[in-house]
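Source file: structure.cif. Holds: mmCIF, C-alpha atoms.
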data_input
#
loop_
_atom_site.group_PDB
_atom_site.id
_atom_site.type_symbol
_atom_site.label_atom_id
_atom_site.label_comp_id
_atom_site.auth_asym_id
_atom_site.auth_seq_id
_atom_site.Cartn_x
_atom_site.Cartn_y
_atom_site.Cartn_z
ATOM 1 C CA ASP A 232 304.259 159.394 -49.365
ATOM 2 C CA ALA A 233 306.587 158.700 -46.444
ATOM 3 C CA GLY A 234 308.599 161.826 -47.117
ATOM 4 C CA VAL A 235 312.385 162.037 -47.127
ATOM 5 C CA ILE A 236 313.803 159.251 -44.967
ATOM 6 C CA GLN A 237 317.128 159.632 -43.201
ATOM 7 C CA SER A 238 319.126 157.245 -41.070
ATOM 8 C CA PRO A 239 320.496 157.062 -38.501
ATOM 9 C CA ARG A 240 318.633 159.713 -36.518
ATOM 10 C CA HIS A 241 321.434 159.920 -34.006
ATOM 11 C CA GLU A 242 325.065 158.916 -34.252
ATOM 12 C CA VAL A 243 327.707 159.225 -31.585
ATOM 13 C CA THR A 244 331.203 158.250 -32.601
ATOM 14 C CA GLU A 245 334.789 158.845 -31.700
ATOM 15 C CA MET A 246 337.194 161.045 -33.559
ATOM 16 C CA GLY A 247 338.819 159.219 -36.441
ATOM 17 C CA GLN A 248 335.937 156.849 -37.073
ATOM 18 C CA GLU A 249 334.054 156.628 -40.353
ATOM 19 C CA VAL A 250 330.499 157.907 -40.405
ATOM 20 C CA THR A 251 327.916 157.072 -43.068
ATOM 21 C CA LEU A 252 324.609 158.902 -43.256
ATOM 22 C CA ARG A 253 321.820 157.661 -45.502
ATOM 23 C CA CYS A 254 318.929 159.254 -47.331
ATOM 24 C CA LYS A 255 315.951 158.075 -49.336
ATOM 25 C CA PRO A 256 314.353 160.946 -51.268
ATOM 26 C CA ILE A 257 310.695 161.239 -52.142
ATOM 27 C CA SER A 258 309.793 159.059 -55.091
ATOM 28 C CA GLY A 259 309.759 161.106 -58.275
ATOM 29 C CA HIS A 260 312.003 163.838 -56.920
ATOM 30 C CA ASP A 261 315.001 164.183 -59.199
ATOM 31 C CA TYR A 262 317.037 166.588 -57.071
ATOM 32 C CA LEU A 263 318.681 165.606 -53.794
ATOM 33 C CA PHE A 264 320.487 167.936 -51.428
ATOM 34 C CA TRP A 265 322.694 167.419 -48.390
ATOM 35 C CA TYR A 266 322.778 170.234 -45.826
ATOM 36 C CA ARG A 267 324.559 170.676 -42.529
ATOM 37 C CA GLN A 268 322.998 172.731 -39.741
ATOM 38 C CA THR A 269 324.828 174.261 -36.788
ATOM 39 C CA MET A 270 323.863 176.993 -34.365
ATOM 40 C CA MET A 271 326.670 179.213 -35.549
ATOM 41 C CA ARG A 272 326.303 178.862 -39.313
ATOM 42 C CA GLY A 273 322.706 177.770 -39.844
ATOM 43 C CA LEU A 274 321.939 175.606 -42.868
ATOM 44 C CA GLU A 275 324.853 175.082 -45.245
ATOM 45 C CA LEU A 276 324.530 173.320 -48.580
ATOM 46 C CA LEU A 277 327.136 170.598 -48.892
ATOM 47 C CA ILE A 278 326.289 168.993 -52.227
ATOM 48 C CA TYR A 279 323.366 168.349 -54.511
ATOM 49 C CA PHE A 280 322.528 165.770 -57.160
ATOM 50 C CA ASN A 281 320.305 165.857 -60.204
ATOM 51 C CA ASN A 282 319.228 162.513 -61.650
ATOM 52 C CA ASN A 283 321.826 160.813 -59.446
ATOM 53 C CA VAL A 284 324.679 162.940 -60.801
ATOM 54 C CA PRO A 285 326.577 165.290 -58.456
ATOM 55 C CA ILE A 286 326.123 168.813 -59.769
ATOM 56 C CA ASP A 287 327.693 171.082 -57.180
ATOM 57 C CA ASP A 288 329.935 169.863 -54.369
ATOM 58 C CA SER A 289 331.571 173.198 -53.639
ATOM 59 C CA GLY A 290 330.087 173.190 -50.161
ATOM 60 C CA MET A 291 331.786 169.977 -49.111
ATOM 61 C CA PRO A 292 334.183 171.214 -46.464
ATOM 62 C CA GLU A 293 337.100 168.872 -47.014
ATOM 63 C CA ASP A 294 338.232 165.727 -48.731
ATOM 64 C CA ARG A 295 337.121 163.872 -45.642
ATOM 65 C CA PHE A 296 333.557 164.330 -46.896
ATOM 66 C CA SER A 297 332.170 162.362 -49.808
ATOM 67 C CA ALA A 298 328.680 161.722 -51.144
ATOM 68 C CA LYS A 299 327.216 159.222 -53.558
ATOM 69 C CA MET A 300 323.886 158.560 -55.156
ATOM 70 C CA PRO A 301 323.977 155.099 -56.752
ATOM 71 C CA ASN A 302 320.298 155.218 -57.733
ATOM 72 C CA ALA A 303 317.266 157.466 -57.638
ATOM 73 C CA SER A 304 316.127 156.227 -54.249
ATOM 74 C CA PHE A 305 319.309 156.251 -52.189
ATOM 75 C CA SER A 306 322.166 158.559 -51.268
ATOM 76 C CA THR A 307 324.964 158.451 -48.724
ATOM 77 C CA LEU A 308 327.122 161.082 -47.095
ATOM 78 C CA LYS A 309 330.358 159.737 -45.686
ATOM 79 C CA ILE A 310 332.853 161.375 -43.353
ATOM 80 C CA GLN A 311 336.208 159.664 -43.008
ATOM 81 C CA PRO A 312 337.921 160.310 -40.661
ATOM 82 C CA SER A 313 335.447 162.179 -38.505
ATOM 83 C CA GLU A 314 336.476 165.094 -36.290
ATOM 84 C CA PRO A 315 334.716 166.812 -33.367
ATOM 85 C CA ARG A 316 334.060 169.893 -35.521
ATOM 86 C CA ASP A 317 331.897 167.734 -37.784
ATOM 87 C CA SER A 318 329.328 167.512 -34.988
ATOM 88 C CA ALA A 319 326.107 168.928 -36.434
ATOM 89 C CA VAL A 320 322.721 167.928 -37.760
ATOM 90 C CA TYR A 321 322.865 166.715 -41.333
ATOM 91 C CA PHE A 322 319.747 167.090 -43.432
ATOM 92 C CA CYS A 323 318.814 165.536 -46.702
ATOM 93 C CA ALA A 324 316.231 167.302 -48.862
ATOM 94 C CA SER A 325 314.694 166.618 -52.230
ATOM 95 C CA ARG A 326 312.618 168.357 -54.841
ATOM 96 C CA ARG A 327 311.290 167.641 -58.292
ATOM 97 C CA THR A 328 312.019 169.613 -61.425
ATOM 98 C CA GLY A 329 309.693 172.581 -61.675
ATOM 99 C CA ALA A 330 309.058 172.848 -57.948
ATOM 100 C CA ASN A 331 310.875 175.656 -56.166
ATOM 101 C CA VAL A 332 310.603 174.270 -52.659
ATOM 102 C CA LEU A 333 312.543 171.637 -50.784
ATOM 103 C CA THR A 334 311.213 168.821 -48.643
ATOM 104 C CA PHE A 335 313.523 167.966 -45.787
ATOM 105 C CA GLY A 336 314.093 164.772 -43.900
ATOM 106 C CA ALA A 337 314.132 164.639 -40.110
ATOM 107 C CA GLY A 338 317.919 164.907 -40.013
ATOM 108 C CA SER A 339 320.806 162.895 -38.624
ATOM 109 C CA ARG A 340 322.331 164.316 -35.467
ATOM 110 C CA LEU A 341 326.042 163.549 -35.403
ATOM 111 C CA THR A 342 328.224 163.870 -32.338
ATOM 112 C CA VAL A 343 331.929 163.222 -32.714
ATOM 113 C CA LEU A 344 333.755 162.860 -29.399
ATOM 114 C CA GLN B 20 327.435 190.687 -46.055
ATOM 115 C CA LYS B 21 325.337 187.560 -45.944
ATOM 116 C CA GLU B 22 322.843 186.956 -48.733
ATOM 117 C CA VAL B 23 320.021 186.644 -46.197
ATOM 118 C CA GLU B 24 319.859 188.230 -42.764
ATOM 119 C CA GLN B 25 317.481 187.102 -40.051
ATOM 120 C CA ASP B 26 317.324 188.068 -36.403
ATOM 121 C CA PRO B 27 317.958 184.873 -34.399
ATOM 122 C CA GLY B 28 315.834 185.937 -31.459
ATOM 123 C CA PRO B 29 314.716 184.340 -29.252
ATOM 124 C CA LEU B 30 311.348 186.008 -29.463
ATOM 125 C CA SER B 31 308.940 185.379 -26.595
ATOM 126 C CA VAL B 32 305.289 186.424 -26.873
ATOM 127 C CA PRO B 33 302.112 185.673 -24.897
ATOM 128 C CA GLU B 34 299.523 183.373 -26.384
ATOM 129 C CA GLY B 35 297.175 185.248 -28.697
ATOM 130 C CA ALA B 36 299.720 187.878 -29.726
ATOM 131 C CA ILE B 37 300.482 188.830 -33.294
ATOM 132 C CA VAL B 38 303.997 187.793 -34.250
ATOM 133 C CA SER B 39 306.099 189.432 -36.929
ATOM 134 C CA LEU B 40 309.163 187.638 -38.276
ATOM 135 C CA ASN B 41 311.408 189.280 -40.830
ATOM 136 C CA CYS B 42 314.279 188.746 -43.208
ATOM 137 C CA THR B 43 316.288 191.075 -45.382
ATOM 138 C CA TYR B 44 318.265 190.072 -48.415
ATOM 139 C CA SER B 45 320.801 191.558 -50.767
ATOM 140 C CA ASN B 46 320.250 189.811 -54.109
ATOM 141 C CA SER B 47 317.602 191.615 -56.132
ATOM 142 C CA ALA B 48 317.300 188.565 -58.406
ATOM 143 C CA PHE B 49 315.525 186.514 -55.750
ATOM 144 C CA GLN B 50 312.024 185.662 -56.910
ATOM 145 C CA TYR B 51 310.958 182.686 -54.807
ATOM 146 C CA PHE B 52 310.436 183.205 -51.099
ATOM 147 C CA MET B 53 309.713 180.580 -48.513
ATOM 148 C CA TRP B 54 309.154 180.251 -44.803
ATOM 149 C CA TYR B 55 310.028 177.009 -43.106
ATOM 150 C CA ARG B 56 309.065 176.026 -39.573
ATOM 151 C CA GLN B 57 311.419 173.798 -37.631
ATOM 152 C CA TYR B 58 310.400 172.193 -34.376
ATOM 153 C CA SER B 59 313.092 171.114 -31.965
ATOM 154 C CA ARG B 60 314.987 168.064 -33.209
ATOM 155 C CA LYS B 61 312.954 167.936 -36.419
ATOM 156 C CA GLY B 62 313.601 168.876 -40.026
ATOM 157 C CA PRO B 63 312.388 172.162 -41.522
ATOM 158 C CA GLU B 64 308.896 171.931 -42.992
ATOM 159 C CA LEU B 65 307.520 174.285 -45.595
ATOM 160 C CA LEU B 66 305.037 176.742 -44.143
ATOM 161 C CA MET B 67 304.548 179.386 -46.830
ATOM 162 C CA TYR B 68 305.705 179.889 -50.392
ATOM 163 C CA THR B 69 305.374 183.065 -52.436
ATOM 164 C CA TYR B 70 306.541 184.114 -55.839
ATOM 165 C CA SER B 71 307.705 187.672 -56.434
ATOM 166 C CA SER B 72 306.095 190.518 -54.495
ATOM 167 C CA GLY B 73 302.832 190.684 -52.635
ATOM 168 C CA ASN B 74 300.967 188.963 -49.849
ATOM 169 C CA LYS B 75 299.823 185.423 -49.309
ATOM 170 C CA GLU B 76 297.524 184.303 -46.543
ATOM 171 C CA ASP B 77 296.950 180.820 -45.177
ATOM 172 C CA GLY B 78 294.858 180.603 -42.055
ATOM 173 C CA ARG B 79 296.611 182.458 -39.255
ATOM 174 C CA PHE B 80 299.744 182.960 -41.357
ATOM 175 C CA THR B 81 300.460 185.787 -43.792
ATOM 176 C CA ALA B 82 303.621 186.106 -45.856
ATOM 177 C CA GLN B 83 304.603 189.454 -47.312
ATOM 178 C CA VAL B 84 307.295 190.242 -49.843
ATOM 179 C CA ASP B 85 308.547 193.756 -50.527
ATOM 180 C CA LYS B 86 311.070 193.428 -53.331
ATOM 181 C CA SER B 87 311.732 197.168 -53.491
ATOM 182 C CA SER B 88 313.011 197.062 -49.909
ATOM 183 C CA LYS B 89 314.419 193.519 -50.173
ATOM 184 C CA TYR B 90 312.386 192.597 -47.119
ATOM 185 C CA ILE B 91 310.095 189.694 -46.362
ATOM 186 C CA SER B 92 307.841 189.093 -43.382
ATOM 187 C CA LEU B 93 305.805 186.349 -41.840
ATOM 188 C CA PHE B 94 302.893 187.327 -39.605
ATOM 189 C CA ILE B 95 301.251 184.904 -37.218
ATOM 190 C CA ARG B 96 297.877 185.943 -35.827
ATOM 191 C CA ASP B 97 296.443 184.598 -32.592
ATOM 192 C CA SER B 98 299.708 182.833 -31.819
ATOM 193 C CA GLN B 99 299.468 179.480 -30.073
ATOM 194 C CA PRO B 100 301.952 177.556 -27.909
ATOM 195 C CA SER B 101 302.124 175.038 -30.771
ATOM 196 C CA ASP B 102 303.654 177.800 -32.914
ATOM 197 C CA SER B 103 306.769 177.692 -30.712
ATOM 198 C CA ALA B 104 309.518 176.719 -33.132
ATOM 199 C CA THR B 105 312.340 178.154 -35.194
ATOM 200 C CA TYR B 106 311.251 179.918 -38.373
ATOM 201 C CA LEU B 107 313.644 180.039 -41.295
ATOM 202 C CA CYS B 108 313.240 182.214 -44.322
ATOM 203 C CA ALA B 109 314.603 180.972 -47.631
ATOM 204 C CA MET B 110 314.828 182.348 -51.102
ATOM 205 C CA SER B 111 316.076 181.512 -54.551
ATOM 206 C CA ALA B 112 316.183 182.775 -58.100
ATOM 207 C CA ILE B 113 316.296 181.278 -61.542
ATOM 208 C CA ASN B 114 319.889 182.405 -62.014
ATOM 209 C CA THR B 115 321.042 180.913 -58.706
ATOM 210 C CA GLY B 116 320.445 177.419 -60.000
ATOM 211 C CA ASN B 117 319.611 175.159 -57.094
ATOM 212 C CA GLN B 118 321.026 177.406 -54.451
ATOM 213 C CA PHE B 119 318.450 178.091 -51.781
ATOM 214 C CA TYR B 120 319.609 180.836 -49.457
ATOM 215 C CA PHE B 121 318.480 180.370 -45.885
ATOM 216 C CA GLY B 122 318.338 182.741 -42.976
ATOM 217 C CA THR B 123 319.772 181.408 -39.735
ATOM 218 C CA GLY B 124 316.288 181.190 -38.223
ATOM 219 C CA THR B 125 314.319 183.025 -35.522
ATOM 220 C CA CYS B 126 313.441 181.076 -32.401
ATOM 221 C CA LEU B 127 309.849 181.825 -31.336
ATOM 222 C CA ASN B 128 308.406 180.947 -27.950
ATOM 223 C CA VAL B 129 304.669 181.440 -27.392
ATOM 224 C CA ILE B 130 303.933 181.492 -23.687
ATOM 225 C CA PRO B 131 300.553 180.070 -22.562
#

Take the structure in this file and express it as structure tokens.
Amino acid sequence: DAGVIQSPRHEVTEMGQEVTLRCKPISGHDYLFWYRQTMMRGLELLIYFNNNVPIDDSGMPEDRFSAKMPNASFSTLKIQPSEPRDSAVYFCASRRTGANVLTFGAGSRLTVL
Amino acid sequence: QKEVEQDPGPLSVPEGAIVSLNCTYSNSAFQYFMWYRQYSRKGPELLMYTYSSGNKEDGRFTAQVDKSSKYISLFIRDSQPSDSATYLCAMSAINTGNQFYFGTGTCLNVIP
């Protein structure tokens, strides 16, 4: 299996621009998670899906953040408009029902100038 | 108080040393305990997984869970420069749904 695939790996944008991060979970994994990692706060759960349905989005910081999962093999995290404080590494992770561990992607490093 | 506390380090040790990494937690309901290793500019990868209390060994790595003290440890024997990474502890419980609680990570540097 290719693992969890994220794109882009790096994104540099200017404040106010829209940012879209993409994730392909491992085939057969029915849970998908979006995390944000910063030095100060570590890994923070933003939102997770089960069978493509958003279950808990309480970690989404503001209305500027939105996430979708149109099918079992694809999810997006969108930030509009982006702000410098959104600069972080965004990770996607997946797991299957019954497994108590997460498999992470390589992350998308976002820099907002 | 955070759910999971982990000393951020950095921790520098000479090659061959025994390394001890630790986390404390506050929720006595946690049952599943994990250690992830994260190399620079990479995603966390699962290193060890244990359920409930006790020890688990895998090669040079040993994970220990002491639920009475709410304390978990990861020991690395004969540390190698390739072990240089950030180590994150994580834990969850049945009643926390899909919340995985992560420590902030300890940065380990093994000096050749």

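Residues in contact with region 274-290 of chain A at 6 Å, where all atoms listed in the file are counted and same-chain residues fewer than 2 positions away are skipped, are listed as Asp261, Tyr262, Leu263, Phe264, Trp265, Tyr266, Arg267, Gln268, Pro292, Met300 and Ala303 of chain A.
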
Would you translate the PyMOL selection byres ((chain A) within 6 of (chain B)) into the concrete set of residues it matches in this file, as a ChimeraX atom specification? /A:273,335-338

Please return, as a JSON list (two decimals) with C-alpha atoms, in the frame of the given file, all polymer residues that have at least one atom within 7 Å of the point (296.5, 183.7, -37.1); use all atoms listed in the file and the file's own coordinate frame.
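The result, written out as out-v2.json:
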[["chain", "number", "residue", "atom", "x", "y", "z"],
["B", 78, "GLY", "CA", 294.86, 180.60, -42.06],
["B", 79, "ARG", "CA", 296.61, 182.46, -39.26],
["B", 80, "PHE", "CA", 299.74, 182.96, -41.36],
["B", 95, "ILE", "CA", 301.25, 184.90, -37.22],
["B", 96, "ARG", "CA", 297.88, 185.94, -35.83],
["B", 97, "ASP", "CA", 296.44, 184.60, -32.59],
["B", 98, "SER", "CA", 299.71, 182.83, -31.82]]

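Going from CA of Tyr44 (chain B) to CA of Ser88 (chain B) covers 8.9 Å.
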
Mind pulling up the distance from CA of Ser258 (chain A) to CA of Ile310 (chain A)? 26.0 Å

Residue by residue, what does the PyMOL selection byres ((chain B and resi 45) around 12) grab here? Present the result as a PyMOL selection string. chain B and resi 20-24+42-44+46-49+86-91+110-111+120

For the residues in the current selection, export C-alpha atoms as a compact mmCIF listing (two decimals), keeping the file's coordinate frame.
# COMPACT_ATOMS: atom_id res chain seq x y z
CA GLN B 20 327.44 190.69 -46.06
CA LYS B 21 325.34 187.56 -45.94
CA GLU B 22 322.84 186.96 -48.73
CA VAL B 23 320.02 186.64 -46.20
CA GLU B 24 319.86 188.23 -42.76
CA CYS B 42 314.28 188.75 -43.21
CA THR B 43 316.29 191.08 -45.38
CA TYR B 44 318.26 190.07 -48.42
CA ASN B 46 320.25 189.81 -54.11
CA SER B 47 317.60 191.62 -56.13
CA ALA B 48 317.30 188.56 -58.41
CA PHE B 49 315.52 186.51 -55.75
CA LYS B 86 311.07 193.43 -53.33
CA SER B 87 311.73 197.17 -53.49
CA SER B 88 313.01 197.06 -49.91
CA LYS B 89 314.42 193.52 -50.17
CA TYR B 90 312.39 192.60 -47.12
CA ILE B 91 310.10 189.69 -46.36
CA MET B 110 314.83 182.35 -51.10
CA SER B 111 316.08 181.51 -54.55
CA TYR B 120 319.61 180.84 -49.46

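The smallest atom-to-atom distance between Cys108 (chain B) and any of B:Ser72, B:Arg56, B:Leu127, B:Glu34, using all atoms listed in the file, is found for B:Arg56.
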
Check which residues satisfy the PyMOL selection byres ((chain B and resi 74) around 10) in the file shown, then give them as number ranges by chain. B: 69-73, 75-76, 81-85, 91-93

What does the distance between CA of Pro301 (chain A) and CA of Asn114 (chain B) come to in Å, to one decimal place? 28.1 Å

Which residues are near Ile236 (chain A)? Cut-off 10 Å, all atoms listed in the file, ignore same chain within fewer than 4 positions. Put them as an mmCIF file with C-alpha atoms, keeping the file's coordinate frame.
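Final output, saved to selection.cif:
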data_model
loop_
_atom_site.group_PDB
_atom_site.id
_atom_site.type_symbol
_atom_site.label_atom_id
_atom_site.label_comp_id
_atom_site.auth_asym_id
_atom_site.auth_seq_id
_atom_site.Cartn_x
_atom_site.Cartn_y
_atom_site.Cartn_z
ATOM 1 C CA ARG A 240 318.633 159.713 -36.518
ATOM 2 C CA ARG A 253 321.820 157.661 -45.502
ATOM 3 C CA CYS A 254 318.929 159.254 -47.331
ATOM 4 C CA LYS A 255 315.951 158.075 -49.336
ATOM 5 C CA PRO A 256 314.353 160.946 -51.268
ATOM 6 C CA ILE A 257 310.695 161.239 -52.142
ATOM 7 C CA PHE A 305 319.309 156.251 -52.189
ATOM 8 C CA PHE A 322 319.747 167.090 -43.432
ATOM 9 C CA CYS A 323 318.814 165.536 -46.702
ATOM 10 C CA ALA A 324 316.231 167.302 -48.862
ATOM 11 C CA PHE A 335 313.523 167.966 -45.787
ATOM 12 C CA GLY A 336 314.093 164.772 -43.900
ATOM 13 C CA ALA A 337 314.132 164.639 -40.110
ATOM 14 C CA GLY A 338 317.919 164.907 -40.013
#

Would you kindly return, as JSON, numbers by chain, each protein, DNA or RNA residue with an atom no farther than 7 Å from any atom of Glu242 (chain A), considering all atoms listed in the file and excluding same-chain residues fewer than 3 positions away? {"A": [239, 340, 341, 342]}

Which residues are near Ala298 (chain A)? Cut-off 8 Å, all atoms listed in the file, ignore same chain within fewer than 6 positions. Put them as a ChimeraX atom specification. /A:278,306-309

Take the residues just selected and output them with C-alpha atoms as a PDB file, in the frame of the given file.
ATOM      1  CA  ILE A 278     326.289 168.993 -52.227  1.00  0.00           C
ATOM      2  CA  SER A 306     322.166 158.559 -51.268  1.00  0.00           C
ATOM      3  CA  THR A 307     324.964 158.451 -48.724  1.00  0.00           C
ATOM      4  CA  LEU A 308     327.122 161.082 -47.095  1.00  0.00           C
ATOM      5  CA  LYS A 309     330.358 159.737 -45.686  1.00  0.00           C
TER       6      LYS A 309
END

Nearest to Gln99 (chain B) among B:Ile130, B:Gln50, B:Asn41, B:Gln25, with distances taken over all atoms listed in the file: which residue is it? B:Ile130

Would you fill out region 308-329 of chain A with N, CA and C atoms and return it as a JSON list (two decimals), keeping the file's coordinate frame?
[["chain", "number", "residue", "atom", "x", "y", "z"],
["A", 308, "LEU", "N", 326.12, 160.08, -47.40],
["A", 308, "LEU", "CA", 327.12, 161.08, -47.10],
["A", 308, "LEU", "C", 328.10, 160.44, -46.12],
["A", 309, "LYS", "N", 329.36, 160.42, -46.50],
["A", 309, "LYS", "CA", 330.36, 159.74, -45.69],
["A", 309, "LYS", "C", 331.40, 160.73, -45.19],
["A", 310, "ILE", "N", 331.78, 160.56, -43.95],
["A", 310, "ILE", "CA", 332.85, 161.38, -43.35],
["A", 310, "ILE", "C", 333.92, 160.41, -42.85],
["A", 311, "GLN", "N", 335.13, 160.56, -43.38],
["A", 311, "GLN", "CA", 336.21, 159.66, -43.01],
["A", 311, "GLN", "C", 337.55, 160.38, -43.14],
["A", 312, "PRO", "N", 338.29, 160.58, -42.06],
["A", 312, "PRO", "CA", 337.92, 160.31, -40.66],
["A", 312, "PRO", "C", 337.11, 161.45, -40.08],
["A", 313, "SER", "N", 336.27, 161.15, -39.13],
["A", 313, "SER", "CA", 335.45, 162.18, -38.51],
["A", 313, "SER", "C", 336.26, 162.96, -37.47],
["A", 314, "GLU", "N", 335.85, 164.21, -37.27],
["A", 314, "GLU", "CA", 336.48, 165.09, -36.29],
["A", 314, "GLU", "C", 335.39, 165.75, -35.45],
["A", 315, "PRO", "N", 335.73, 166.18, -34.23],
["A", 315, "PRO", "CA", 334.72, 166.81, -33.37],
["A", 315, "PRO", "C", 334.01, 167.99, -34.03],
["A", 316, "ARG", "N", 334.70, 168.74, -34.88],
["A", 316, "ARG", "CA", 334.06, 169.89, -35.52],
["A", 316, "ARG", "C", 333.03, 169.49, -36.58],
["A", 317, "ASP", "N", 332.94, 168.22, -36.87],
["A", 317, "ASP", "CA", 331.90, 167.73, -37.78],
["A", 317, "ASP", "C", 330.56, 167.54, -37.07],
["A", 318, "SER", "N", 330.56, 167.68, -35.76],
["A", 318, "SER", "CA", 329.33, 167.51, -34.99],
["A", 318, "SER", "C", 328.31, 168.55, -35.44],
["A", 319, "ALA", "N", 327.15, 168.07, -35.85],
["A", 319, "ALA", "CA", 326.11, 168.93, -36.43],
["A", 319, "ALA", "C", 324.90, 168.06, -36.72],
["A", 320, "VAL", "N", 323.85, 168.69, -37.23],
["A", 320, "VAL", "CA", 322.72, 167.93, -37.76],
["A", 320, "VAL", "C", 322.82, 167.98, -39.28],
["A", 321, "TYR", "N", 322.76, 166.82, -39.88],
["A", 321, "TYR", "CA", 322.86, 166.72, -41.33],
["A", 321, "TYR", "C", 321.47, 166.41, -41.90],
["A", 322, "PHE", "N", 321.06, 167.26, -42.83],
["A", 322, "PHE", "CA", 319.75, 167.09, -43.43],
["A", 322, "PHE", "C", 319.89, 166.71, -44.90],
["A", 323, "CYS", "N", 318.99, 165.86, -45.30],
["A", 323, "CYS", "CA", 318.81, 165.54, -46.70],
["A", 323, "CYS", "C", 317.49, 166.18, -47.13],
["A", 324, "ALA", "N", 317.45, 166.70, -48.34],
["A", 324, "ALA", "CA", 316.23, 167.30, -48.86],
["A", 324, "ALA", "C", 316.10, 166.91, -50.33],
["A", 325, "SER", "N", 314.89, 166.93, -50.82],
["A", 325, "SER", "CA", 314.69, 166.62, -52.23],
["A", 325, "SER", "C", 313.64, 167.54, -52.82],
["A", 326, "ARG", "N", 313.65, 167.63, -54.13],
["A", 326, "ARG", "CA", 312.62, 168.36, -54.84],
["A", 326, "ARG", "C", 312.52, 167.77, -56.24],
["A", 327, "ARG", "N", 311.44, 168.09, -56.91],
["A", 327, "ARG", "CA", 311.29, 167.64, -58.29],
["A", 327, "ARG", "C", 311.48, 168.84, -59.22],
["A", 328, "THR", "N", 311.86, 168.56, -60.42],
["A", 328, "THR", "CA", 312.02, 169.61, -61.42],
["A", 328, "THR", "C", 310.72, 170.40, -61.54],
["A", 329, "GLY", "N", 310.86, 171.73, -61.53],
["A", 329, "GLY", "CA", 309.69, 172.58, -61.68],
["A", 329, "GLY", "C", 309.14, 173.07, -60.35]]
